[in-house]
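Let me begin by presenting the structure, written as structure tokens, before commenting on it.
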Amino acid sequence: MYSQALDQHDRAAPDAEPEAALARFQARIDAEEKIEANDWMPAAYRRTLIRQISQHAHSEIVGMGPEGNWITRAPSLRRKVALLAKVQDECGHGLYLYAAAETLDVSRETLVDQLLTGRAKYSSIFNYPTLTWADIGAIGWLVDGAAIMNQIPLCRCSYGPYARAMIRICKEESFHQRQGFEIMLTLARGSEAQVAMAQDALDRWWWPVLMMFGPPDGESQHSDQSMAWKIKRFGNDGLRGKFLDATVPQARYLGLSIPDPALHFADGHWHHGPIDWAEFRRVLAGGGPCNAERLAARRLAHAEGAWVREAARAHAAKSADALAAKAA
Amino acid sequence: MAAEADSRLWEVFIRARNGLAHQHAGSVHAADAELALQAARDTYTRRGEGVSLWVVPSAAITASDPAEAGTLFEPGTTKPYRHPTFYAVPDEVGHM
């Protein structure tokens, strides 16, 4: 019914006067009105949102892999249940986001297919390996910390279903960063070997985490229009700066050193040294350490789940037949 | 002999303000979706209660059994580690 309503409203759109429609749409955005699934919207706004929301969903789903790697090897029951709960949350967040994308009249199957065939991207960060237990701490502290910086402004995104999904996600995610920091703090106050493991994790994750915010504002492909449409509220560099200001003191508290010789404090803010954007582009293009492994894991999971989907369809059809027979 | 039903039950959902999700408000009787929307407008939004209405045939709703609520939702109430306060972050570190 939802998608039928979308069709009707699309046909009713004043195609004869697109300029006027676009102006009205922009006026609604400027007045901080939320755009809802049944509302008229420019085709490019719809495409942008489908791309962004689905890639966000794919990131949550692919992101279960690196952490899932450590569930069976967590060092205590406390750590194990926390990690299980976190990975469950990520699965749930992926599902909220796929559902939000589907309000834009694209099917779940299409989106999943785009991921499995490599046409859709997901966050570059999940193409790095989780080599030690400390990586689970670093992911919670740094990766989730960076994700929260990115996601809080999305709670005010102009598209209602996405904004509401993000509110739910941010609320649930507040434990993710804290559990990561707790792991880091335990290691950082532990034996020499544990401290070394924590430092090694920070060394390997630091730069990929800074890259999560995306290229510098001048080079970001989709930024300007997304800002005008209030899909995006802040530039990449501004968010990266906020993350830096929050995180550098936390690293100092842990007694760990950030692997950036050019890191310095000036004008009330922390500033980082040059980022290796060639690495970022290489990882996005599929050349990261784990791209092939992550996609292979998704494809395998999808193939191995085929019988479940088939059985559910068969059961639904059988139930519908039984209901029809009863009604007849 | 029971009278033949000339209308059916619809569930009414109201979006109270721009940006909020629709929330269930109650039900109306109506012969079709269009009349249900009108009835919902007249019945539930006489004092500026909302900016958008949904009506859904009540028969389309599948509900959980309230008698089973204890076992159904138990997994969500016995896992304190799903909450941020379960994790110790020293005061000096500030808000996280």
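Residues are named by chain letter and number: chains run A, B, ... in the order of the structure tokens, numbers start at 1 in each chain, and ligands are numbered from 1 in the order shown.
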Inset, instruction - Return as a ChimeraX atom specification the residues belonging to chain B that are within 7 Å of chain A, counting only C-alpha atoms. - result: /B:18-19,81-84,87-89,93,96
Interface rows for region 230-274 of chain A against region 208-211 of chain A: nearest pair, Å to one decimal, 9 Å, only C-alpha atoms, as a Markdown table:
| residue | atom | partner | partner_atom | distance |
| --- | --- | --- | --- | --- |
| A:Arg240 | CA | A:Leu210 | CA | 6.6 |
| A:Phe243 | CA | A:Leu210 | CA | 8.5 |
| A:Leu244 | CA | A:Leu210 | CA | 8.5 |
Store the residues picked out above, limited to N, CA, C and O atoms, as a short mmCIF file (atom, residue, chain, number, x, y, z; two decimals), in the first residue's frame.
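Writing the result to selection-v6.cif gives the following:
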data_model
loop_
_atom_site.label_atom_id
_atom_site.label_comp_id
_atom_site.auth_asym_id
_atom_site.auth_seq_id
_atom_site.Cartn_x
_atom_site.Cartn_y
_atom_site.Cartn_z
N ARG A 240 35.05 15.67 11.29
CA ARG A 240 36.35 15.05 11.62
C ARG A 240 37.02 15.84 12.75
O ARG A 240 37.57 15.25 13.67
N PHE A 243 35.38 15.09 16.08
CA PHE A 243 35.82 13.77 16.55
C PHE A 243 37.21 13.87 17.18
O PHE A 243 37.47 13.31 18.25
N LEU A 244 38.09 14.61 16.51
CA LEU A 244 39.46 14.76 16.99
C LEU A 244 39.46 15.41 18.37
O LEU A 244 40.14 14.95 19.30
#
Legend entry - Separation of CA of Ser257 (chain A) from CA of Leu187 (chain A) in Å: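 Taking CA of Leu187 (chain A) and CA of Ser257 (chain A), their separation equals 14.1 Å.
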Inset, instruction - Just the strand (DSSP E or B) stuff from region 9-88 of chain B, please, per backbone DSSP, written as a list of chain:residue names. - result: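 DSSP on the backbone gives strand (DSSP E or B) at B:Leu9, B:Trp10, B:Glu11, B:Val12, B:Phe13, B:Ile14, B:Arg15, B:Gln23, B:His24, B:Ala25, B:Gly26, B:Ser27, B:Val28, B:His29, B:Ala30, B:Ser52, B:Leu53, B:Trp54, B:Val55, B:Val56, B:Pro57.
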Legend entry - Selection: 10 Å around His272 (chain A), only C-alpha atoms, excl. self and same-chain fewer than 6 positions, as a PyMOL selection string: chain A and resi 207+210+240-241+244+258+260-265
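Using only C-alpha atoms, the shortest contact distance between Pro57 (chain B) and any of B:Asp42, B:Glu74, B:Glu34, B:Glu11 is found at B:Glu11.
Coordinates place CA of Leu77 (chain A) at a distance of 25.1 Å from CA of Phe126 (chain A).
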Those in chain B with helix (DSSP H, G or I) from DSSP, as a tab-separated table (two decimals) with N, CA, C and O atoms, in the first residue's frame:
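What follows is the written file states_33.tsv:
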chain	number	residue	atom	x	y	z
B	33	ALA	N	-12.06	2.96	2.55
B	33	ALA	CA	-10.90	3.69	3.06
B	33	ALA	C	-11.14	5.20	3.07
B	33	ALA	O	-10.76	5.89	4.03
B	34	GLU	N	-11.80	5.69	2.03
B	34	GLU	CA	-12.00	7.14	1.94
B	34	GLU	C	-12.93	7.62	3.06
B	34	GLU	O	-12.67	8.64	3.71
B	35	LEU	N	-14.01	6.87	3.27
B	35	LEU	CA	-14.93	7.23	4.36
B	35	LEU	C	-14.25	7.06	5.72
B	35	LEU	O	-14.50	7.83	6.65
B	36	ALA	N	-13.37	6.07	5.81
B	36	ALA	CA	-12.65	5.87	7.08
B	36	ALA	C	-11.76	7.06	7.39
B	36	ALA	O	-11.68	7.51	8.54
B	37	LEU	N	-11.09	7.61	6.36
B	37	LEU	CA	-10.26	8.80	6.56
B	37	LEU	C	-11.09	9.98	7.04
B	37	LEU	O	-10.71	10.70	7.96
B	38	GLN	N	-12.27	10.15	6.40
B	38	GLN	CA	-13.15	11.26	6.79
B	38	GLN	C	-13.64	11.07	8.23
B	38	GLN	O	-13.65	12.02	9.02
B	39	ALA	N	-14.02	9.84	8.54
B	39	ALA	CA	-14.51	9.56	9.89
B	39	ALA	C	-13.40	9.79	10.92
B	39	ALA	O	-13.63	10.33	12.00
B	40	ALA	N	-12.18	9.39	10.54
B	40	ALA	CA	-11.04	9.57	11.45
B	40	ALA	C	-10.78	11.05	11.68
B	40	ALA	O	-10.53	11.49	12.81
B	41	ARG	N	-10.86	11.83	10.59
B	41	ARG	CA	-10.67	13.29	10.71
B	41	ARG	C	-11.71	13.86	11.68
B	41	ARG	O	-11.40	14.61	12.61
B	42	ASP	N	-12.98	13.47	11.47
B	42	ASP	CA	-14.06	14.03	12.30
B	42	ASP	C	-13.97	13.55	13.75
B	42	ASP	O	-14.30	14.28	14.67
B	43	THR	N	-13.54	12.29	13.93
B	43	THR	CA	-13.58	11.71	15.26
B	43	THR	C	-12.35	12.05	16.10
B	43	THR	O	-12.47	12.29	17.29
B	44	TYR	N	-11.19	12.08	15.45
B	44	TYR	CA	-9.95	12.16	16.24
B	44	TYR	C	-9.16	13.45	16.10
B	44	TYR	O	-8.17	13.65	16.81
B	58	SER	N	-8.67	-2.93	10.41
B	58	SER	CA	-8.31	-3.62	11.66
B	58	SER	C	-7.96	-5.08	11.39
B	58	SER	O	-7.09	-5.66	12.04
B	59	ALA	N	-8.64	-5.66	10.41
B	59	ALA	CA	-8.41	-7.07	10.10
B	59	ALA	C	-7.00	-7.31	9.56
B	59	ALA	O	-6.51	-8.44	9.56
B	60	ALA	N	-6.34	-6.23	9.11
B	60	ALA	CA	-4.99	-6.39	8.55
B	60	ALA	C	-3.92	-6.45	9.64
B	60	ALA	O	-2.76	-6.68	9.35
B	66	PRO	N	-1.36	-10.72	24.45
B	66	PRO	CA	-0.95	-10.08	25.71
B	66	PRO	C	-0.67	-11.09	26.82
B	66	PRO	O	0.20	-10.86	27.68
B	67	ALA	N	-1.36	-12.22	26.78
B	67	ALA	CA	-1.14	-13.23	27.81
B	67	ALA	C	0.27	-13.82	27.71
B	67	ALA	O	0.80	-14.37	28.67
B	68	GLU	N	0.86	-13.70	26.51
B	68	GLU	CA	2.20	-14.25	26.28
B	68	GLU	C	3.30	-13.21	26.48
B	68	GLU	O	4.47	-13.48	26.21
B	69	ALA	N	2.89	-12.00	26.89
B	69	ALA	CA	3.86	-10.88	26.93
B	69	ALA	C	5.07	-11.21	27.79
B	69	ALA	O	6.21	-10.87	27.44
B	70	GLY	N	4.84	-11.89	28.90
B	70	GLY	CA	5.95	-12.21	29.81
B	70	GLY	C	7.07	-12.94	29.11
B	70	GLY	O	8.22	-12.49	29.12
B	71	THR	N	6.74	-14.03	28.45
B	71	THR	CA	7.78	-14.83	27.79
B	71	THR	C	8.27	-14.15	26.51
B	71	THR	O	9.44	-14.22	26.17
B	72	LEU	N	7.34	-13.46	25.81
B	72	LEU	CA	7.72	-12.84	24.53
B	72	LEU	C	8.80	-11.78	24.72
B	72	LEU	O	9.74	-11.69	23.95
B	73	PHE	N	8.65	-10.97	25.76
B	73	PHE	CA	9.56	-9.83	25.92
B	73	PHE	C	10.64	-10.07	26.98
B	73	PHE	O	11.48	-9.20	27.20
B	74	GLU	N	10.65	-11.24	27.56
B	74	GLU	CA	11.65	-11.54	28.59
B	74	GLU	C	13.08	-11.29	28.11
B	74	GLU	O	13.89	-10.70	28.84
B	75	PRO	N	13.42	-11.69	26.86
B	75	PRO	CA	14.81	-11.48	26.44
B	75	PRO	C	15.24	-10.01	26.45
B	75	PRO	O	16.43	-9.72	26.51
B	76	GLY	N	14.30	-9.10	26.40
B	76	GLY	CA	14.65	-7.68	26.37
B	76	GLY	C	14.80	-7.06	27.74
B	76	GLY	O	15.24	-5.91	27.86
B	77	THR	N	14.43	-7.80	28.78
B	77	THR	CA	14.45	-7.19	30.12
B	77	THR	C	15.53	-7.77	31.02
B	77	THR	O	15.72	-7.32	32.14
B	80	PRO	N	21.09	-6.34	31.06
B	80	PRO	CA	21.53	-4.98	31.42
B	80	PRO	C	22.69	-4.50	30.56
B	80	PRO	O	22.89	-3.30	30.41
B	81	TYR	N	23.44	-5.46	29.98
B	81	TYR	CA	24.60	-5.06	29.18
B	81	TYR	C	24.21	-4.45	27.85
B	81	TYR	O	25.07	-4.06	27.07
B	82	ARG	N	22.90	-4.38	27.56
B	82	ARG	CA	22.47	-3.64	26.37
B	82	ARG	C	22.31	-2.15	26.66
B	82	ARG	O	21.93	-1.39	25.78
B	84	PRO	N	23.85	1.61	28.24
B	84	PRO	CA	25.14	2.30	28.41
B	84	PRO	C	25.63	2.34	29.86
B	84	PRO	O	26.85	2.31	30.10
B	85	THR	N	24.72	2.37	30.82
B	85	THR	CA	25.14	2.51	32.22
B	85	THR	C	25.84	1.25	32.75
B	85	THR	O	26.43	1.27	33.82
B	86	PHE	N	25.78	0.16	31.98
B	86	PHE	CA	26.43	-1.08	32.39
B	86	PHE	C	27.96	-0.93	32.34
B	86	PHE	O	28.68	-1.66	33.00
B	91	ASP	N	34.76	9.50	35.38
B	91	ASP	CA	34.24	10.87	35.25
B	91	ASP	C	35.20	11.78	34.48
B	91	ASP	O	34.77	12.64	33.72
B	92	GLU	N	36.52	11.56	34.71
B	92	GLU	CA	37.50	12.44	34.07
B	92	GLU	C	37.41	12.39	32.54
B	92	GLU	O	37.81	13.33	31.86
B	93	VAL	N	36.91	11.27	32.00
B	93	VAL	CA	36.86	11.12	30.54
B	93	VAL	C	35.71	11.95	29.96
B	93	VAL	O	35.72	12.32	28.79
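As for CA of Ala100 (chain A) and CA of Ala165 (chain A), they are spaced 7.1 Å apart.
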Inset, instruction - Compile the contact shell of Met149 (chain A) as number ranges by chain: residues with an atom at most 9 Å away, counting only C-alpha atoms, same-chain residues fewer than 2 positions apart removed. - result: A: 144-147, 151-153, 239-240, 242-243
